[in-house]
>>> print(open('model29.txt').read())   # compact mmCIF, C-alpha atoms and all ligand atoms
# COMPACT_ATOMS: atom_id res chain seq x y z
CA MET A 243 253.03 101.31 20.30
CA PHE A 244 250.51 101.99 17.52
CA LEU A 245 251.54 103.24 14.10
CA THR A 246 252.92 106.69 14.64
CA ALA A 247 252.51 109.47 12.06
CA PRO A 248 256.01 109.04 10.57
CA LYS A 249 255.42 105.30 10.20
CA VAL A 250 252.13 105.96 8.35
CA GLU A 251 253.96 108.39 6.05
CA GLN A 252 256.63 105.76 5.51
CA LEU A 253 253.94 103.26 4.51
CA ASP A 254 252.35 105.82 2.13
CA ARG A 255 255.76 106.32 0.52
CA GLN A 256 256.12 102.57 0.12
CA VAL A 257 252.71 102.42 -1.59
CA LEU A 258 253.78 105.20 -3.98
CA GLN A 259 257.05 103.40 -4.67
CA ASN A 260 255.00 100.28 -5.51
CA SER A 261 256.61 98.26 -2.72
CA ILE A 262 253.17 97.92 -1.13
CA PRO A 263 250.28 97.22 -3.53
CA ARG A 264 247.04 99.19 -3.19
CA ASP A 265 244.90 96.02 -3.08
CA LEU A 266 246.52 94.35 -0.10
CA PHE A 267 243.77 91.75 0.24
CA LYS A 268 244.43 90.42 -3.28
CA ALA A 269 248.22 90.65 -2.88
CA ILE A 270 248.07 88.65 0.37
CA ALA A 271 245.76 86.04 -1.20
CA ASP A 272 248.20 85.67 -4.15
CA LEU A 273 251.19 85.29 -1.81
CA LYS A 274 249.27 82.74 0.24
CA LYS A 275 248.94 80.53 -2.84
CA ASP A 276 252.58 81.06 -3.91
CA LEU A 277 253.91 80.18 -0.45
CA ASN A 278 251.37 77.41 0.31
CA ALA A 279 250.72 79.36 3.50
CA VAL A 280 248.00 79.21 6.11
CA ILE A 281 246.99 82.33 8.05
CA LEU A 282 246.10 81.76 11.72
CA ALA A 283 244.67 84.70 13.68
CA HIS A 284 243.67 85.39 17.25
CA TYR A 285 240.37 87.17 18.03
CA TYR A 286 242.23 90.22 19.37
CA GLN A 287 243.57 91.15 15.93
CA ASP A 288 242.16 94.09 13.97
CA PRO A 289 238.96 93.08 12.08
CA ASP A 290 240.77 93.39 8.70
CA LEU A 291 243.31 90.82 9.86
CA GLN A 292 240.65 88.47 11.20
CA ASP A 293 238.95 88.67 7.80
CA ILE A 294 242.01 87.39 5.89
CA ALA A 295 242.58 84.42 8.23
CA ASP A 296 241.99 80.78 7.33
CA TYR A 297 241.41 80.02 11.00
CA ILE A 298 240.52 82.35 13.89
CA GLY A 299 240.58 81.02 17.42
CA ASP A 300 241.54 81.13 21.06
CA SER A 301 244.97 79.88 22.16
CA LEU A 302 243.82 76.25 22.41
CA GLY A 303 242.14 76.30 19.00
CA LEU A 304 245.15 77.98 17.42
CA SER A 305 247.51 75.35 18.87
CA GLN A 306 245.28 72.57 17.57
CA ALA A 307 245.10 74.27 14.15
CA ALA A 308 248.91 74.58 14.09
CA VAL A 309 249.27 70.84 14.79
CA ASN A 310 246.88 69.86 12.03
CA CYS A 311 247.96 72.26 9.29
CA GLN A 312 249.37 70.95 6.00
CA ALA A 313 250.84 74.25 4.79
CA ASP A 314 254.57 74.97 4.31
CA VAL A 315 254.29 78.41 5.89
CA ILE A 316 252.31 79.57 8.94
CA VAL A 317 251.56 83.30 9.01
CA PHE A 318 250.67 83.97 12.62
CA LEU A 319 248.47 86.98 13.34
CA GLY A 320 248.77 87.23 17.08
CA VAL A 321 251.58 87.82 19.56
CA HIS A 322 255.06 86.35 19.92
CA PHE A 323 254.29 83.52 22.37
CA MET A 324 251.52 82.29 20.04
CA ALA A 325 253.75 82.22 16.97
CA GLU A 326 256.46 80.59 19.08
CA THR A 327 253.95 77.91 20.10
CA ALA A 328 253.20 77.23 16.42
CA LYS A 329 256.95 76.85 15.83
CA ILE A 330 257.35 74.50 18.82
CA LEU A 331 254.72 72.28 17.20
CA ASN A 332 256.02 72.71 13.61
CA PRO A 333 259.83 72.88 13.62
CA ASN A 334 260.05 72.27 9.86
CA LYS A 335 257.64 74.99 8.82
CA LEU A 336 258.45 78.64 8.29
CA VAL A 337 256.49 80.57 10.95
CA LEU A 338 256.10 84.28 10.23
CA LEU A 339 255.04 86.94 12.74
CA PRO A 340 254.42 90.28 10.96
CA ASP A 341 255.84 92.34 13.85
CA LEU A 342 258.38 90.70 16.18
CA ASP A 343 257.69 93.43 18.76
CA ALA A 344 254.20 92.00 19.28
CA GLY A 345 255.00 90.70 22.76
CA CYS A 346 252.80 90.15 25.82
CA SER A 347 252.90 91.78 29.27
CA LEU A 348 251.88 88.50 30.87
CA ALA A 349 254.68 86.52 29.19
CA ASP A 350 257.13 89.31 30.12
CA SER A 351 256.05 89.13 33.77
CA CYS A 352 257.73 85.72 34.10
CA PRO A 353 261.49 85.95 33.37
CA PRO A 354 263.01 82.44 32.96
CA ASP A 355 265.93 82.95 35.40
CA ARG A 356 263.64 84.08 38.25
CA PHE A 357 261.13 81.37 37.46
CA ALA A 358 263.82 78.64 37.41
CA LYS A 359 264.89 79.77 40.90
CA PHE A 360 261.28 79.77 42.14
CA LYS A 361 260.75 76.27 40.73
CA ALA A 362 263.99 75.02 42.37
CA GLU A 363 262.70 76.29 45.74
CA HIS A 364 259.66 73.97 45.38
CA PRO A 365 261.09 70.71 44.00
CA ASP A 366 258.03 68.63 44.97
CA HIS A 367 255.68 70.83 42.88
CA MET A 368 254.44 70.09 39.37
CA VAL A 369 254.52 73.17 37.11
CA ILE A 370 251.39 74.00 35.11
CA SER A 371 251.94 77.05 32.90
CA TYR A 372 249.39 79.12 31.05
CA ILE A 373 250.25 79.14 27.35
CA ASN A 374 250.79 82.93 27.57
CA CYS A 375 254.48 82.47 28.40
CA SER A 376 257.79 82.22 26.54
CA ALA A 377 259.25 79.00 25.13
CA ASP A 378 261.84 79.16 27.96
CA ILE A 379 259.05 79.01 30.57
CA LYS A 380 257.26 76.25 28.66
CA ALA A 381 260.54 74.31 28.72
CA LEU A 382 260.53 74.60 32.55
CA SER A 383 256.92 73.33 32.78
CA ASP A 384 255.28 69.93 33.15
CA ILE A 385 251.98 70.80 31.47
CA ILE A 386 250.74 73.81 29.50
CA CYS A 387 247.15 74.98 29.74
CA THR A 388 244.99 77.66 28.16
CA SER A 389 242.06 79.62 29.53
CA ALA A 390 239.79 77.08 27.80
CA ASN A 391 241.18 73.97 29.52
CA ALA A 392 242.96 75.17 32.70
CA VAL A 393 240.22 73.96 35.06
CA ALA A 394 239.87 70.59 33.29
CA ILE A 395 243.64 70.04 33.32
CA VAL A 396 244.09 70.88 37.01
CA ASN A 397 241.15 68.57 37.80
CA GLN A 398 243.05 65.67 36.16
CA ILE A 399 246.07 66.05 38.49
CA PRO A 400 246.08 63.76 41.59
CA LYS A 401 244.83 65.68 44.63
CA ASP A 402 248.00 65.09 46.67
CA GLN A 403 250.28 66.55 43.95
CA PRO A 404 251.35 70.13 44.84
CA ILE A 405 251.13 72.52 41.88
CA ILE A 406 252.87 75.74 40.83
CA PHE A 407 250.65 77.72 38.43
CA ALA A 408 252.31 80.38 36.25
CA PRO A 409 252.38 83.09 35.08
CA ASP A 410 248.87 84.61 35.48
CA ARG A 411 247.79 85.20 39.09
CA ASN A 412 244.23 86.05 37.97
CA LEU A 413 243.65 82.88 35.94
CA GLY A 414 245.40 80.96 38.74
CA ARG A 415 243.08 82.38 41.40
CA TYR A 416 240.05 81.61 39.19
CA VAL A 417 241.24 77.99 38.73
CA ILE A 418 241.75 77.65 42.51
CA GLU A 419 238.14 78.81 43.04
CA GLN A 420 236.79 76.38 40.42
CA THR A 421 238.81 73.32 41.46
CA GLY A 422 239.30 73.84 45.20
CA ARG A 423 243.04 73.13 44.68
CA ASP A 424 245.59 75.07 46.71
CA MET A 425 248.10 76.09 44.04
CA LEU A 426 251.22 78.21 44.39
CA LEU A 427 250.77 81.18 42.03
CA TRP A 428 253.39 83.14 40.09
CA ASP A 429 252.62 86.86 40.43
CA GLY A 430 252.12 87.82 36.76
CA ALA A 431 249.27 89.62 35.02
CA CYS A 432 247.96 90.96 31.71
CA ILE A 433 247.91 94.76 31.39
CA VAL A 434 244.79 94.63 29.23
CA HIS A 435 242.62 92.54 31.54
CA GLU A 436 243.81 94.20 34.75
CA ILE A 437 242.65 97.70 33.79
CA PHE A 438 238.91 97.08 33.57
CA SER A 439 237.09 99.41 35.92
CA GLU A 440 234.68 97.73 38.35
CA ARG A 441 232.95 101.06 39.01
CA LYS A 442 232.35 101.75 35.31
CA LEU A 443 231.25 98.14 34.74
CA VAL A 444 228.60 98.42 37.46
CA GLN A 445 227.41 101.76 36.01
CA LEU A 446 227.18 100.17 32.56
CA LYS A 447 225.13 97.28 33.93
CA LEU A 448 222.75 99.77 35.59
CA SER A 449 222.14 101.47 32.23
CA HIS A 450 221.81 98.07 30.44
CA PRO A 451 220.01 95.91 33.03
CA GLU A 452 219.05 93.27 30.43
CA ALA A 453 222.66 92.71 29.33
CA ASP A 454 224.70 89.68 30.40
CA ILE A 455 228.22 90.45 31.58
CA ILE A 456 230.71 88.03 29.99
CA ALA A 457 234.36 88.10 31.04
CA HIS A 458 237.75 86.51 30.43
CA PRO A 459 239.38 84.78 33.47
CA GLU A 460 242.51 86.98 33.11
CA CYS A 461 240.39 89.77 34.75
CA GLU A 462 240.72 90.59 38.44
CA ALA A 463 238.38 88.99 41.02
CA ASN A 464 236.47 92.24 41.72
CA VAL A 465 235.48 92.37 38.03
CA LEU A 466 234.83 88.64 37.59
CA ARG A 467 232.37 88.61 40.51
CA HIS A 468 229.92 90.60 38.33
CA ALA A 469 230.14 88.17 35.40
CA ASP A 470 227.22 86.00 34.27
CA PHE A 471 229.67 83.89 32.27
CA ILE A 472 233.47 83.48 32.39
CA GLY A 473 235.41 81.80 29.60
CA SER A 474 238.14 81.84 26.97
CA THR A 475 237.56 83.99 23.90
CA THR A 476 236.06 81.01 22.03
CA GLY A 477 233.99 80.19 25.14
CA LEU A 478 232.63 83.76 25.20
CA LEU A 479 231.83 83.62 21.49
CA LYS A 480 229.94 80.32 21.85
CA TYR A 481 228.06 81.68 24.88
CA VAL A 482 226.67 84.70 23.01
CA GLN A 483 225.70 82.54 20.03
CA ASN A 484 223.75 80.10 22.21
CA SER A 485 222.17 82.68 24.54
CA ASP A 486 218.63 84.08 24.22
CA ARG A 487 219.87 87.43 25.55
CA GLN A 488 220.11 90.33 23.11
CA GLU A 489 222.73 92.47 24.88
CA PHE A 490 226.17 91.63 26.26
CA ILE A 491 228.79 93.63 28.13
CA VAL A 492 232.07 92.14 26.94
CA VAL A 493 234.92 92.23 29.47
CA THR A 494 237.93 91.28 27.39
CA GLU A 495 239.96 92.76 24.51
CA SER A 496 237.41 94.39 22.20
CA GLY A 497 238.66 92.64 19.01
CA VAL A 498 236.58 89.58 19.91
CA ILE A 499 233.40 91.60 19.28
CA HIS A 500 234.05 91.46 15.51
CA GLN A 501 233.30 87.71 15.38
CA MET A 502 230.44 88.04 17.91
CA GLN A 503 228.76 90.65 15.72
CA LYS A 504 229.30 88.57 12.57
CA ALA A 505 227.82 85.45 14.18
CA SER A 506 224.88 87.28 15.82
CA PRO A 507 224.20 90.46 13.79
CA SER A 508 220.97 91.33 15.62
CA LYS A 509 222.57 91.24 19.09
CA LYS A 510 224.23 94.19 20.80
CA PHE A 511 227.79 93.99 22.20
CA ILE A 512 229.08 96.67 24.54
CA PRO A 513 232.84 96.72 25.29
CA ALA A 514 233.54 97.09 29.03
CA PRO A 515 235.48 100.28 29.75
CA PRO A 516 238.97 100.36 31.21
CA ASN A 517 240.30 102.61 33.99
CA SER A 518 241.19 105.32 31.46
CA ASN A 519 239.42 107.75 29.15
CA CYS A 520 239.16 105.14 26.37
CA ALA A 521 235.74 103.58 25.69
CA CYS A 522 237.16 100.15 24.93
CA ASN A 523 240.22 98.10 25.66
CA GLU A 524 242.68 97.01 22.97
CA CYS A 525 245.89 95.02 23.48
CA PRO A 526 248.73 97.27 22.27
CA TYR A 527 250.84 94.22 21.38
CA MET A 528 248.19 92.43 19.35
CA ARG A 529 247.40 95.62 17.47
CA LEU A 530 250.98 96.05 16.23
CA ASN A 531 250.20 93.68 13.35
CA THR A 532 248.78 95.42 10.27
CA LEU A 533 247.78 94.35 6.76
CA GLU A 534 250.88 96.10 5.37
CA LYS A 535 253.16 94.20 7.73
CA VAL A 536 251.41 90.91 6.87
CA TYR A 537 252.03 91.57 3.18
CA LEU A 538 255.69 92.49 3.74
CA ALA A 539 256.30 89.48 6.00
CA MET A 540 254.90 87.13 3.35
CA LYS A 541 256.77 88.85 0.52
CA ASN A 542 260.11 88.85 2.39
CA ARG A 543 259.53 85.51 4.23
CA SER A 544 260.56 87.42 7.34
CA PRO A 545 260.41 88.11 10.29
CA GLU A 546 260.38 84.44 11.16
CA ILE A 547 260.32 82.68 14.55
CA ILE A 548 263.59 80.88 15.27
CA LEU A 549 263.99 78.66 18.33
CA ASP A 550 266.93 76.94 19.95
CA GLU A 551 266.29 73.22 19.26
CA SER A 552 266.93 72.04 22.84
CA ILE A 553 264.46 74.64 24.20
CA ARG A 554 261.95 73.70 21.50
CA GLN A 555 262.13 70.01 22.40
CA ALA A 556 261.80 70.73 26.12
CA ALA A 557 258.84 73.06 25.43
CA LEU A 558 257.16 70.51 23.16
CA LYS A 559 256.68 67.90 25.93
CA PRO A 560 254.31 69.99 28.14
CA MET A 561 252.51 71.20 25.01
CA GLN A 562 251.90 67.60 23.93
CA ARG A 563 250.66 66.73 27.41
CA MET A 564 248.17 69.58 27.17
CA LEU A 565 246.91 68.47 23.77
CA GLU A 566 246.50 64.88 25.05
CA MET A 567 244.58 66.15 28.10
CA SER A 568 242.24 68.45 26.12
CA PHE A 569 238.97 67.12 24.85
CA SER A 570 237.78 69.99 22.66
P1 LIG B 601 242.33 82.99 24.83
O1 LIG B 601 241.93 83.48 23.46
O2 LIG B 601 242.97 81.66 24.76
O3 LIG B 601 241.15 83.04 25.74
O4 LIG B 601 243.45 83.98 25.40
C1 LIG B 601 243.23 85.32 25.59
C2 LIG B 601 244.47 86.12 25.58
O5 LIG B 601 244.72 86.96 26.39
C3 LIG B 601 245.41 85.87 24.54
O6 LIG B 601 246.48 86.72 24.68
FE1 LIG B 602 249.27 89.38 26.53
FE2 LIG B 602 247.12 90.46 27.65
FE3 LIG B 602 247.78 91.17 25.17
FE4 LIG B 602 246.80 88.69 25.66
S1 LIG B 602 245.71 90.62 25.90
S2 LIG B 602 248.59 89.24 24.41
S3 LIG B 602 247.67 88.30 27.72
S4 LIG B 602 248.99 91.56 27.03
>>> encode(input="model29.txt", output="structure tokens")
Amino acid sequence: MFLTAPKVEQLDRQVLQNSIPRDLFKAIADLKKDLNAVILAHYYQDPDLQDIADYIGDSLGLSQAAVNCQADVIVFLGVHFMAETAKILNPNKLVLLPDLDAGCSLADSCPPDRFAKFKAEHPDHMVISYINCSADIKALSDIICTSANAVAIVNQIPKDQPIIFAPDRNLGRYVIEQTGRDMLLWDGACIVHEIFSERKLVQLKLSHPEADIIAHPECEANVLRHADFIGSTTGLLKYVQNSDRQEFIVVTESGVIHQMQKASPSKKFIPAPPNSNCACNECPYMRLNTLEKVYLAMKNRSPEIILDESIRQAALKPMQRMLEMSFS
């Protein structure tokens, strides 16, 4: 899923043929002016990509930034469902995603036909969907939530209203624990957050006893039970900035450490290890975007996100409900 050797050679050839400039940072800044574009990036992007963004955020912050932006073009540095969300909110803007293959295992774990059947089997249930899902699933939902506002949104629903929560079983279970609500969970998960090793995490804590463990709620329960703080990526970033602690074991995609280190240069951030030989945990979808692809997408005004208008309108309603119900 990462750039393979032939693809790197292909990019080198393009540089030699002058189709990719050597100073990509300047070329992207020039194109940004020409296009009247805004660059929105998620924290799981490569540091280089985070550094060219006008706004970096979690899914809630990125949705709010997409609503408020005045640009003609949104260059979305994240995965497909995020760029799709920007398009749902901005039908008249050109929304570019540098690599259309930047998908999401969690969104893929909830196919619309199966979900529609599941929903039809529970007609008295309200559907609350985590934003990490396709536009088709959003269109089948009553309210969207993110990891930053899921607990607050569920808490605003009348206690006697049965709820289906989709697609992340881990976030769903965490919200059940926090709210005491008995929700029906769709059985989806994120491949990145499910492969953290509890055994290695405990070993790491033993060798760094002063470190706080901070984790994303997409992790499994056996990992979350060791966490000193659980939150969205922005929540984790704020926590480390406000904490007196000097060391943190970070149990989420390691890209978020770039902003943590920038905001708190004297503090130490240790990525939690996955169940593999790798030392840290990167999302293979997020990391498909590269500076070269950003440049080419802006130069060619493609690949762009295109949505069926009836799906977009149906997906907009639960998005708007979320934005109305969010206070941050
Ligand atoms: P947040 O940044 O909203 O916490 O989401 C994390 C994530 O997995 C995005 O794909
Ligand atoms: Fe999807 Fe997980 Fe990657 Fe986020 S980290 S984009 S939920 S696969």
>>> atom_distance(input="model29.txt", atom1="atom O6 of ligand LIG 601 (chain B)", atom2="CA of Ala377 (chain A)")
14.9 Å
>>> closest_atom_pairs(input="model29.txt", of="region 535-556 of chain A", to="region 279-293 of chain A", cutoff="12 Å", atoms="only C-alpha atoms", output="CSV")
residue,atom,partner,partner_atom,distance
A:Lys535,CA,A:Leu291,CA,10.6
A:Val536,CA,A:Leu291,CA,8.6
A:Tyr537,CA,A:Leu291,CA,11.0
A:Ala539,CA,A:Ala279,CA,11.8
A:Met540,CA,A:Ala279,CA,8.8
A:Lys541,CA,A:Ala279,CA,11.6
A:Arg543,CA,A:Ala279,CA,10.8
>>> residues_near_ligand(input="model29.txt", ligand="ligand LIG 601 (chain B)", cutoff="7 Å", atoms="all atoms listed in the file", output="list in words")
His284, Tyr285, Gly299, Asp300, Ser301, Leu302, Asn374, Thr388, Ser389, Ala390, His458, Ser474, Thr475 and Thr476 of chain A
>>> closest_residue(input="model29.txt", among="A:Leu479, A:Val493, A:Ala295, A:Leu533", to="Ser439 (chain A)", atoms="all atoms listed in the file")
A:Val493
>>> atom_distance(input="model29.txt", atom1="CA of Gly320 (chain A)", atom2="CA of Leu304 (chain A)")
9.9 Å
>>> closest_residue(input="model29.txt", among="A:Leu530, A:Ala349, A:Ile298, A:Ile418", to="Ala392 (chain A)", atoms="all atoms listed in the file")
A:Ile418
>>> residues_near_ligand(input="model29.txt", ligand="ligand LIG 602 (chain B)", cutoff="6 Å", atoms="all atoms listed in the file", output="list in words")
Val321, Cys346, Ser347, Leu348, Cys432, Ile433, Val434, Cys525, Tyr527 and Met528 of chain A
>>> write_last_selection(input="model29.txt", atoms="C-alpha atoms", output="PDB file, in the frame of the given file")
ATOM      1  CA  VAL A 321     251.580  87.820  19.560  1.00  0.00           C
ATOM      2  CA  CYS A 346     252.800  90.150  25.820  1.00  0.00           C
ATOM      3  CA  SER A 347     252.900  91.780  29.270  1.00  0.00           C
ATOM      4  CA  LEU A 348     251.880  88.500  30.870  1.00  0.00           C
ATOM      5  CA  CYS A 432     247.960  90.960  31.710  1.00  0.00           C
ATOM      6  CA  ILE A 433     247.910  94.760  31.390  1.00  0.00           C
ATOM      7  CA  VAL A 434     244.790  94.630  29.230  1.00  0.00           C
ATOM      8  CA  CYS A 525     245.890  95.020  23.480  1.00  0.00           C
ATOM      9  CA  TYR A 527     250.840  94.220  21.380  1.00  0.00           C
ATOM     10  CA  MET A 528     248.190  92.430  19.350  1.00  0.00           C
TER      11      MET A 528
END
>>> residues_around(input="model29.txt", residues="region 555-560 of chain A", least_positions_apart="3", cutoff="7 Å", atoms="all atoms listed in the file", output="list in words")
Ile330, Leu331, Ala377, Lys380, Ala381, Ser383, Asp384, Ile385, Ile386, Glu551, Ser552, Arg563 and Met564 of chain A
>>> closest_residue(input="model29.txt", among="A:Ile370, A:Cys311, A:Cys520, A:Leu339", to="Met561 (chain A)", atoms="all atoms listed in the file")
A:Ile370
>>> atom_distance(input="model29.txt", atom1="CA of Gln403 (chain A)", atom2="CA of Asp366 (chain A)")
8.1 Å
>>> residues_around(input="model29.txt", residues="Tyr481 (chain A)", least_positions_apart="6", cutoff="9 Å", atoms="all atoms listed in the file", output="ChimeraX atom specification")
/A:456,471,473
>>> closest_residue(input="model29.txt", among="A:Val369, A:Leu382, A:Ala325, A:Ile270", to="Ile553 (chain A)", atoms="all atoms listed in the file")
A:Leu382
>>> residues_around(input="model29.txt", residues="Pro515 (chain A)", least_positions_apart="3", cutoff="12 Å", atoms="only C-alpha atoms", output="list in words")
Val434, His435, Glu436, Ile437, Phe438, Ser439, Glu440, Arg441, Lys442, Leu443, Val444, Gln445, Leu446, Lys447, Val465, Ile491, Val492, Val493, Thr494, Glu495, Ser496, Ile512, Ser518, Asn519, Cys520, Ala521, Cys522, Asn523 and Glu524 of chain A
>>> closest_residue(input="model29.txt", among="A:Cys352, A:Ala463, A:Leu478, A:Ala453", to="Leu427 (chain A)", atoms="all atoms listed in the file")
A:Cys352
>>> closest_residue(input="model29.txt", among="A:Pro340, A:Pro459, A:Pro263, A:Pro354", to="Glu419 (chain A)", atoms="all atoms listed in the file")
A:Pro459
>>> residues_around(input="model29.txt", residues="Val315 (chain A)", least_positions_apart="5", cutoff="7 Å", atoms="only C-alpha atoms", output="ChimeraX atom specification")
/A:277-280,335-337
>>> axis_aligned_box(input="model29.txt", around="region 454-469 of chain A", padding_each_side="3 Å", output="AutoDock Vina command-line options")
--center_x 233.6 --center_y 88.6 --center_z 35.9 --size_x 23.8 --size_y 13.6 --size_z 17.7
>>> build_atoms(input="model29.txt", residues="region 488-500 of chain A", atoms="N, CA, C and O atoms", output="PDB file, in the frame of the given file")
ATOM      1  N   GLN A 488     219.864  89.487  24.293  1.00  0.00           N
ATOM      2  CA  GLN A 488     220.110  90.330  23.110  1.00  0.00           C
ATOM      3  C   GLN A 488     221.263  91.306  23.332  1.00  0.00           C
ATOM      4  O   GLN A 488     221.759  91.906  22.377  1.00  0.00           O
ATOM      5  N   GLU A 489     221.659  91.496  24.587  1.00  0.00           N
ATOM      6  CA  GLU A 489     222.730  92.470  24.880  1.00  0.00           C
ATOM      7  C   GLU A 489     223.795  91.842  25.763  1.00  0.00           C
ATOM      8  O   GLU A 489     223.470  91.092  26.701  1.00  0.00           O
ATOM      9  N   PHE A 490     225.050  92.192  25.488  1.00  0.00           N
ATOM     10  CA  PHE A 490     226.170  91.630  26.260  1.00  0.00           C
ATOM     11  C   PHE A 490     227.201  92.716  26.540  1.00  0.00           C
ATOM     12  O   PHE A 490     227.567  93.473  25.640  1.00  0.00           O
ATOM     13  N   ILE A 491     227.665  92.759  27.783  1.00  0.00           N
ATOM     14  CA  ILE A 491     228.790  93.630  28.130  1.00  0.00           C
ATOM     15  C   ILE A 491     230.019  92.726  28.106  1.00  0.00           C
ATOM     16  O   ILE A 491     230.085  91.736  28.844  1.00  0.00           O
ATOM     17  N   VAL A 492     230.969  93.056  27.229  1.00  0.00           N
ATOM     18  CA  VAL A 492     232.070  92.140  26.940  1.00  0.00           C
ATOM     19  C   VAL A 492     233.341  92.610  27.659  1.00  0.00           C
ATOM     20  O   VAL A 492     233.906  93.661  27.327  1.00  0.00           O
ATOM     21  N   VAL A 493     233.779  91.826  28.656  1.00  0.00           N
ATOM     22  CA  VAL A 493     234.920  92.230  29.470  1.00  0.00           C
ATOM     23  C   VAL A 493     236.162  91.441  29.045  1.00  0.00           C
ATOM     24  O   VAL A 493     236.635  90.532  29.742  1.00  0.00           O
ATOM     25  N   THR A 494     236.647  91.791  27.875  1.00  0.00           N
ATOM     26  CA  THR A 494     237.930  91.280  27.390  1.00  0.00           C
ATOM     27  C   THR A 494     238.369  92.221  26.275  1.00  0.00           C
ATOM     28  O   THR A 494     237.703  93.235  26.016  1.00  0.00           O
ATOM     29  N   GLU A 495     239.481  91.898  25.604  1.00  0.00           N
ATOM     30  CA  GLU A 495     239.960  92.760  24.510  1.00  0.00           C
ATOM     31  C   GLU A 495     238.835  92.900  23.476  1.00  0.00           C
ATOM     32  O   GLU A 495     238.190  91.908  23.101  1.00  0.00           O
ATOM     33  N   SER A 496     238.613  94.135  22.998  1.00  0.00           N
ATOM     34  CA  SER A 496     237.410  94.390  22.200  1.00  0.00           C
ATOM     35  C   SER A 496     237.433  93.760  20.802  1.00  0.00           C
ATOM     36  O   SER A 496     236.389  93.688  20.154  1.00  0.00           O
ATOM     37  N   GLY A 497     238.591  93.270  20.334  1.00  0.00           N
ATOM     38  CA  GLY A 497     238.660  92.640  19.010  1.00  0.00           C
ATOM     39  C   GLY A 497     237.711  91.461  18.862  1.00  0.00           C
ATOM     40  O   GLY A 497     237.218  91.178  17.767  1.00  0.00           O
ATOM     41  N   VAL A 498     237.424  90.777  19.959  1.00  0.00           N
ATOM     42  CA  VAL A 498     236.580  89.580  19.910  1.00  0.00           C
ATOM     43  C   VAL A 498     235.148  89.922  19.469  1.00  0.00           C
ATOM     44  O   VAL A 498     234.419  89.079  18.943  1.00  0.00           O
ATOM     45  N   ILE A 499     234.765  91.193  19.632  1.00  0.00           N
ATOM     46  CA  ILE A 499     233.400  91.600  19.280  1.00  0.00           C
ATOM     47  C   ILE A 499     233.154  91.474  17.768  1.00  0.00           C
ATOM     48  O   ILE A 499     232.027  91.232  17.332  1.00  0.00           O
ATOM     49  N   HIS A 500     234.206  91.576  16.967  1.00  0.00           N
ATOM     50  CA  HIS A 500     234.050  91.460  15.510  1.00  0.00           C
ATOM     51  C   HIS A 500     233.384  90.128  15.139  1.00  0.00           C
ATOM     52  O   HIS A 500     232.438  90.106  14.349  1.00  0.00           O
TER      53      HIS A 500
END
